[in-house]
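See below for the structure under consideration.
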Amino acid sequence: RQEQFRALRSVEPRTKDGQRISLMMNAGLLVDLPQLADSGAEGIGLFRTELQFMIASTMPKAEEQELFYRNVLKQAAGRVVTFRTLDIGGDKVVPYFRGHEEENPALGWRAIRLSLDRPGLLRTQLRAMLKAAAGLELKLMVPMVTEVSEIAAVRELLQKEVQHLSRFGHGLPRKLQFGAMLEVPALLWQLDELMAAVDFVSVGSNDLFQFSMAVDRGNARVSDRFDPLGKPFLRILRDIVRAGERNNTQVTLCGELAGKPISAMALFGIGFRAVSMSPASIGPVKAMLLGLDASALAKVMNELLDDTKSTASMRELLAHFAETH
Ligand code: PEP
Ligand code: MG
């Protein structure tokens, strides 16, 4: 099978009914970069910048961050890299950066919250990214956004850094794309405002599932109780896709859900056209989608999602569809 997936590397990811799907990979360290070519991923849909911080024994200096991003972009050799700003706190522990003990770290001082309270840290990172991407395309996004105002605050800091760099004669990225991760349910009631404020949205399904079902993502005893392919979560995801279409905003998904063929199939069925996953999943997901009739699947999935009387299992419907098509 490994050989079979390898042979698919250069095959364009297009469903049987002609839908072009963008398959990207998740990464976080330089050792991940060779996987771009090996897996045939179109680019990096999620680059977890906190990994550089998590494996260091002291806070990486501005120059170290810049060099790191420069190397990542160099090795990506023109394929798009989506850098996520620091997502520390919660399940992502940085030993030398300790906040106060928290009773509920997942709901605590983390990610963009921490970044906005320590703007020096965020500005250093933004500057390092801008400098590393001089003359190139820079795509960046912020994690754990809860209110659209937080995006505006980050944009303002980003703008300051751009001005600062141009005042001192530094080169700037040729193109800048600014996005938000959608992982906190509160954003579901701000979708139009959110999409007006960003260039793209990336759904962090690991956290969005954790927060919408109120189950700790690291605690299988509770997280396995509910099915991400059940109606509630798929309806949430479909609402996001529809908002993207309505607002003409690119929507991608970069959680674990994208990496399993059956769940990736469900995502394509509800309209996702860009996903990011671990590199090892690209081959199996591509093999699946090449044989997929996405519009036929959309039809049966929407029927069940719109049916408020039926308690039929979406997972069974998906398994049945996969077997019979
Ligand atoms: C997610 O939450 O789905 C995600 C992609 O980010 P992380 O797993 O790093 O929290
Ligand atoms: Mg997350």
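Chain labels A, B, ... are given in the sequence in which chains occur in the structure tokens; within each chain residues are numbered consecutively from 1, and ligands are likewise numbered from 1 in the order shown.
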Shell of 6 Å around ligand 1 (only C-alpha atoms and all ligand atoms), written as a VMD selection string: chain A and resid 204 to 207 254 to 255
Collect all residues with atoms no farther than 12 Å from ligand 2, counting only C-alpha atoms and all ligand atoms, and output them as a PyMOL selection string. chain A and resi 46-48+50+84-92+106-107+110-112+141-145+180-184+202-211+217+253-256
Contacts of segment 316-324 of chain A within 8 Å, only C-alpha atoms, excl. fewer than 3 positions in-chain, as a ChimeraX atom specification: /A:262,266,297,301,312-313
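With only C-alpha atoms as the atoms that count, the minimum distance from His325 of chain A to the choices A:Lys16, A:Met54, A:Ala62, A:Phe68 is reached by A:Lys16.
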Selection: 10 Å around Ser39 of chain A, only C-alpha atoms, excl. self and same-chain fewer than 5 positions, as a PyMOL selection string: chain A and resi 5-6+8-10+23-25+34+278-283
Check segment 67-263 of chain A with DSSP on the backbone and list each residue it calls helix (DSSP H, G or I), as a VMD selection string. chain A and resid 67 to 76 105 to 107 111 to 117 119 to 132 148 to 167 185 to 189 191 to 197 205 to 213 220 to 223 231 to 247 256 to 259 261 to 263
Counting only C-alpha atoms, figure out which residue out of A:Leu138, A:Leu73, A:Val31, A:Met213 gets nearest to Gln177 of chain A. A:Leu138
Within 10 Å of Glu193 of chain A, counting only C-alpha atoms, which residues show up once you throw out same-chain ones fewer than 6 positions away? Write them as a VMD selection string, please. chain A and resid 147 to 149 187 247
For the residues in that selection, give me N, CA and C atoms as a PDB file, in the first residue's frame.
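Writing done, so here's result_4.pdb:
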ATOM      1  N   GLU A 147     -13.220  36.166  20.200  1.00  0.00           N
ATOM      2  CA  GLU A 147     -13.980  37.321  19.717  1.00  0.00           C
ATOM      3  C   GLU A 147     -13.223  37.971  18.576  1.00  0.00           C
ATOM      4  N   VAL A 148     -13.974  38.522  17.640  1.00  0.00           N
ATOM      5  CA  VAL A 148     -13.356  39.110  16.457  1.00  0.00           C
ATOM      6  C   VAL A 148     -12.425  40.269  16.830  1.00  0.00           C
ATOM      7  N   SER A 149     -12.730  40.936  17.946  1.00  0.00           N
ATOM      8  CA  SER A 149     -11.878  42.062  18.357  1.00  0.00           C
ATOM      9  C   SER A 149     -10.432  41.623  18.596  1.00  0.00           C
ATOM     10  N   LEU A 187     -17.227  31.673  18.273  1.00  0.00           N
ATOM     11  CA  LEU A 187     -17.036  32.248  16.927  1.00  0.00           C
ATOM     12  C   LEU A 187     -18.134  31.812  15.965  1.00  0.00           C
ATOM     13  N   ASN A 247     -19.443  34.371   2.256  1.00  0.00           N
ATOM     14  CA  ASN A 247     -18.541  35.523   2.396  1.00  0.00           C
ATOM     15  C   ASN A 247     -17.362  35.476   1.438  1.00  0.00           C
TER      16      ASN A 247
END
Write down as a PyMOL selection string the residues belonging to segment 179-323 of chain A that are assigned strand (DSSP E or B) by DSSP computed on the backbone. chain A and resi 179-182+200-203+250-253+274-277
Would you save the residues from that selection as a short mmCIF file (atom, residue, chain, number, x, y, z; two decimals), in the first residue's frame, using N, CA and C atoms?
data_model
loop_
_atom_site.label_atom_id
_atom_site.label_comp_id
_atom_site.auth_asym_id
_atom_site.auth_seq_id
_atom_site.Cartn_x
_atom_site.Cartn_y
_atom_site.Cartn_z
N GLY A 179 -5.04 35.04 8.80
CA GLY A 179 -6.21 34.22 9.08
C GLY A 179 -6.41 33.94 10.55
N ALA A 180 -7.51 33.27 10.85
CA ALA A 180 -7.82 32.90 12.22
C ALA A 180 -8.16 31.43 12.27
N MET A 181 -7.79 30.80 13.39
CA MET A 181 -8.26 29.44 13.61
C MET A 181 -9.62 29.51 14.27
N LEU A 182 -10.47 28.61 13.84
CA LEU A 182 -11.81 28.56 14.44
C LEU A 182 -11.86 27.32 15.32
N PHE A 200 -8.56 34.23 5.54
CA PHE A 200 -8.95 32.82 5.52
C PHE A 200 -9.24 32.34 6.94
N VAL A 201 -9.96 31.24 7.03
CA VAL A 201 -10.29 30.64 8.32
C VAL A 201 -9.86 29.18 8.29
N SER A 202 -9.23 28.73 9.37
CA SER A 202 -8.84 27.33 9.45
C SER A 202 -9.48 26.72 10.69
N VAL A 203 -10.28 25.70 10.48
CA VAL A 203 -10.99 25.07 11.59
C VAL A 203 -10.04 24.14 12.34
N GLN A 250 -11.90 31.77 2.13
CA GLN A 250 -11.36 30.42 2.11
C GLN A 250 -11.46 29.76 3.49
N VAL A 251 -12.01 28.55 3.53
CA VAL A 251 -12.14 27.82 4.79
C VAL A 251 -11.41 26.49 4.66
N THR A 252 -10.51 26.23 5.58
CA THR A 252 -9.82 24.94 5.58
C THR A 252 -10.01 24.30 6.95
N LEU A 253 -9.56 23.07 7.08
CA LEU A 253 -9.65 22.38 8.38
C LEU A 253 -8.33 21.68 8.62
N ALA A 274 -10.41 22.19 1.14
CA ALA A 274 -9.01 22.29 1.53
C ALA A 274 -8.87 21.77 2.96
N VAL A 275 -7.94 20.84 3.15
CA VAL A 275 -7.72 20.27 4.48
C VAL A 275 -6.23 20.07 4.70
N SER A 276 -5.85 20.01 5.97
CA SER A 276 -4.45 19.80 6.32
C SER A 276 -4.36 18.70 7.36
N MET A 277 -3.39 17.81 7.21
CA MET A 277 -3.33 16.61 8.05
C MET A 277 -1.88 16.17 8.23
#
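Residues with any atom within 10 Å of Tyr69 of chain A, counting only C-alpha atoms and excluding same-chain neighbours fewer than 5 positions away, are Leu29, Leu30, Thr49, Glu63, Glu64, Lys74, Gln75, Val81, Phe83, Gln125, Ala128, Met129, Leu130, Lys131, Ala132 and Ala133 of chain A.
When atom CA of Leu191 of chain A is paired with atom CA of Phe272 of chain A, their separation reads 16.0 Å.
Taking atom CA of Gln19 of chain A and atom CA of Leu257 of chain A as the two end points, the separation is 19.7 Å.
Residue nearest Pro105 of chain A, chosen from A:Asp216, A:Lys260, A:Leu122, A:Pro232 and counting only C-alpha atoms: A:Asp216.
Each of A:Gly244, A:Pro13, A:Pro95, A:Gly269 was compared to Ser295 of chain A using only C-alpha atoms, and A:Gly269 turns out to be the nearest.
The neighbours of Glu303 of chain A here are the residues that come within 12 Å of it, using only C-alpha atoms and leaving out any residue fewer than 4 positions away in the same chain; they are A:Lys231, A:Arg235, A:Gly269, A:Ile270, A:Ala296, A:Leu297, A:Ala298, A:Lys299, A:Asp307, A:Thr308, A:Lys309, A:Ser310, A:Ala312, A:Met314, A:Leu317.
For the pair atom CA of Ile240 of chain A and atom CA of Glu150 of chain A, the interatomic distance is 19.2 Å.
Among the candidate residues A:Ile55, A:Ala7, A:Leu158, A:Ala77, the one lying nearest to Gly40 of chain A is A:Ala7, with distances computed using only C-alpha atoms.
Proximity to Ala186 of chain A was assessed for A:Val215, A:Met288, A:Val80, A:Ile236 counting only C-alpha atoms; the smallest distance is recorded for A:Ile236.
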